[in-house]
>>> print(open('data.txt').read())   # compact mmCIF, C-alpha atoms
# COMPACT_ATOMS: atom_id res chain seq x y z
CA MET A 24 0.00 0.00 0.00
CA ALA A 25 2.78 2.47 0.91
CA SER A 26 4.62 1.96 -2.39
CA PHE A 27 1.36 2.68 -4.28
CA ILE A 28 0.94 5.99 -2.40
CA TRP A 29 4.63 6.85 -2.93
CA LYS A 30 4.18 6.45 -6.70
CA ILE A 31 1.43 9.06 -6.57
CA VAL A 32 2.96 11.64 -4.17
CA LYS A 33 6.64 10.95 -5.07
CA PRO A 34 8.14 11.71 -1.63
CA LYS A 35 11.70 12.96 -1.30
CA SER A 36 14.03 12.47 1.62
CA PHE A 37 17.54 13.62 2.38
CA GLY A 38 20.07 11.60 4.32
CA ALA A 39 23.71 11.42 5.25
CA ARG A 40 25.84 8.34 5.88
CA ALA A 41 29.48 7.89 6.81
CA MET A 42 32.24 5.49 5.99
CA LEU A 43 34.22 5.31 9.24
CA ILE A 44 37.56 3.79 8.21
CA ASN A 45 40.21 2.67 10.68
CA GLY A 46 43.20 1.25 8.79
CA ASP A 47 41.84 -1.66 6.75
CA GLU A 48 38.55 -1.81 8.68
CA ILE A 49 35.15 -0.17 8.22
CA LEU A 50 32.44 0.31 10.83
CA LEU A 51 28.99 -1.01 9.93
CA VAL A 52 25.74 -0.93 11.89
CA LYS A 53 22.65 -3.10 12.15
CA HIS A 54 19.43 -1.27 12.90
CA THR A 55 16.74 -2.72 15.12
CA TYR A 56 14.26 -2.44 12.24
CA GLN A 57 16.42 -3.96 9.44
CA THR A 58 18.29 -7.22 8.99
CA LYS A 59 21.33 -6.14 6.97
CA TRP A 60 24.56 -4.26 7.77
CA TYR A 61 24.66 -0.61 6.69
CA LEU A 62 26.83 2.48 6.84
CA PRO A 63 25.82 4.55 9.88
CA GLY A 64 23.78 7.69 9.35
CA GLY A 65 20.27 8.97 8.96
CA GLY A 66 17.97 11.71 7.77
CA LEU A 67 18.38 15.46 7.83
CA LYS A 68 16.27 17.50 10.18
CA THR A 69 14.68 20.81 9.15
CA GLU A 70 17.31 23.49 8.45
CA GLU A 71 20.17 21.05 9.05
CA THR A 72 23.13 20.71 6.66
CA TYR A 73 24.42 17.32 5.54
CA GLU A 74 27.52 17.79 7.68
CA GLU A 75 25.49 18.75 10.75
CA ALA A 76 23.23 15.73 10.16
CA ILE A 77 26.03 13.17 9.93
CA ARG A 78 27.79 14.56 13.00
CA ARG A 79 24.52 14.43 14.95
CA GLU A 80 23.58 10.94 13.71
CA LEU A 81 27.00 9.48 14.56
CA LYS A 82 26.84 11.06 18.01
CA GLU A 83 23.29 9.79 18.63
CA GLU A 84 23.72 6.30 17.18
CA LEU A 85 27.30 5.46 18.22
CA ASN A 86 28.41 8.18 20.64
CA ALA A 87 31.11 8.95 18.05
CA GLU A 88 33.04 12.17 17.66
CA VAL A 89 34.09 12.78 14.08
CA TYR A 90 36.76 15.25 13.14
CA LYS A 91 37.88 15.60 9.53
CA LEU A 92 35.17 14.68 7.03
CA GLU A 93 35.52 14.52 3.27
CA LEU A 94 32.87 14.10 0.62
CA PHE A 95 32.71 10.54 -0.68
CA GLY A 96 29.69 10.81 -2.98
CA VAL A 97 26.10 11.85 -3.57
CA TYR A 98 23.53 9.27 -4.63
CA ASN A 99 19.83 8.88 -5.35
CA ASN A 100 17.81 5.84 -4.38
CA MET A 101 14.60 5.55 -6.40
CA TYR A 102 13.36 2.37 -4.71
CA GLU A 103 9.57 1.95 -4.46
CA GLY A 104 8.83 5.30 -6.14
CA LYS A 105 10.61 7.45 -3.55
CA ASN A 106 13.58 9.72 -4.28
CA ASP A 107 16.06 9.47 -1.43
CA SER A 108 19.11 11.73 -1.79
CA ILE A 109 22.03 10.33 0.19
CA THR A 110 25.32 12.12 0.80
CA ILE A 111 28.18 9.89 1.91
CA PHE A 112 31.11 11.20 3.92
CA LEU A 113 34.48 9.53 4.43
CA CYS A 114 36.03 9.84 7.86
CA LYS A 115 39.33 8.39 9.04
CA ASP A 116 39.66 10.72 12.03
CA PHE A 117 37.14 9.86 14.73
CA GLU A 118 36.74 8.56 18.27
CA LEU A 119 34.26 5.96 19.45
CA SER A 120 33.31 5.57 23.06
CA HIS A 121 32.77 2.01 24.13
CA LYS A 122 29.25 2.70 25.28
CA LYS A 123 26.32 0.68 24.02
CA PRO A 124 24.73 2.22 20.91
CA ASN A 125 21.32 3.86 21.14
CA SER A 126 18.03 1.97 20.90
CA GLU A 127 17.92 2.30 17.09
CA ILE A 128 21.15 0.29 16.64
CA SER A 129 21.12 -3.39 17.55
CA ASP A 130 24.82 -3.93 16.76
CA PHE A 131 27.88 -2.19 15.38
CA LYS A 132 31.19 -3.71 14.43
CA PHE A 133 34.39 -3.10 12.53
CA PHE A 134 34.95 -5.45 9.59
CA THR A 135 38.09 -5.75 7.50
CA LEU A 136 37.51 -4.45 3.99
CA ASN A 137 38.37 -7.86 2.55
CA ASP A 138 36.21 -9.89 4.96
CA LEU A 139 32.77 -8.28 5.00
CA PRO A 140 29.60 -9.93 6.33
CA HIS A 141 27.41 -11.87 3.89
CA ASP A 142 24.31 -9.92 4.98
CA ILE A 143 25.52 -6.45 3.98
CA SER A 144 23.10 -4.20 2.09
CA PRO A 145 23.73 -3.99 -1.67
CA GLY A 146 24.13 -0.20 -1.65
CA THR A 147 26.61 -0.39 1.21
CA MET A 148 28.60 -3.03 -0.67
CA LYS A 149 28.72 -0.79 -3.77
CA ARG A 150 30.07 2.13 -1.73
CA ILE A 151 32.74 -0.06 -0.09
CA ASN A 152 33.84 -1.34 -3.51
CA GLU A 153 34.11 2.25 -4.76
CA TYR A 154 36.31 3.02 -1.77
CA LYS A 155 38.48 -0.05 -2.30
CA ASN A 156 38.88 0.83 -6.00
CA ASN A 157 39.61 4.49 -5.21
CA ALA A 158 36.60 5.40 -7.40
CA TYR A 159 35.35 8.44 -5.53
CA PRO A 160 34.01 11.03 -5.26
CA ALA A 161 31.13 9.36 -7.02
CA PHE A 162 27.66 10.45 -8.02
CA GLY A 163 24.68 8.54 -9.31
CA ARG A 164 22.17 5.89 -8.34
CA TRP A 165 22.41 4.12 -5.02
>>> encode(input="data.txt", output="structure tokens")
Amino acid sequence: MASFIWKIVKPKSFGARAMLINGDEILLVKHTYQTKWYLPGGGLKTEETYEEAIRRELKEELNAEVYKLELFGVYNNMYEGKNDSITIFLCKDFELSHKKPNSEISDFKFFTLNDLPHDISPGTMKRINEYKNNAYPAFGRW
């Protein structure tokens, strides 16, 4: 039913995600409402920039402090008739506290770039491959 309504009203959303890289490892999250591993991040609030949103989301979800951010890419996800604009940041300069993540995150873990989980989201896998192949900044479809 929702996808039918989305095809009529064509909703748009704006989000920011981050690739937190530590050496040859990347941090991925599992949300309580999804079954796959994703890059951490979330949606923009009213009058919030993409940078403000990713800093807030990483603080809320992981209690992470991020320092230097660089643009990784800008993508559009047209799944189910929606248009989700997603800006990805690359960050290699951050601190994670060892506190439990918030109630939205069921798990978070560092994985080596060459030994990723089998249940990673397809879009996340594409972004990681772009990083591994030094094919960024990138723009296009999620």
>>> closest_residue(input="data.txt", among="A:Lys155, A:Lys82, A:Arg40, A:Lys53", to="Asp130 of chain A", atoms="all atoms listed in the file")
A:Lys53
>>> residues_around(input="data.txt", residues="Thr69 of chain A", least_positions_apart="6", cutoff="12 Å", atoms="only C-alpha atoms", output="list in words")
Ser36, Phe37, Gly38, Glu75 and Ala76 of chain A
>>> closest_residue(input="data.txt", among="A:Leu67, A:Leu81, A:Met42, A:Ile49", to="Glu93 of chain A", atoms="all atoms listed in the file")
A:Met42
>>> residues_around(input="data.txt", residues="Glu80 of chain A", least_positions_apart="5", cutoff="9 Å", atoms="all atoms listed in the file", output="number ranges by chain")
A: 39-40, 63-66, 75, 85-87
>>> atom_distance(input="data.txt", atom1="atom CA of Phe134 of chain A", atom2="atom CA of Tyr98 of chain A")
23.4 Å
>>> atom_distance(input="data.txt", atom1="atom CA of Thr72 of chain A", atom2="atom CA of Ser126 of chain A")
24.1 Å
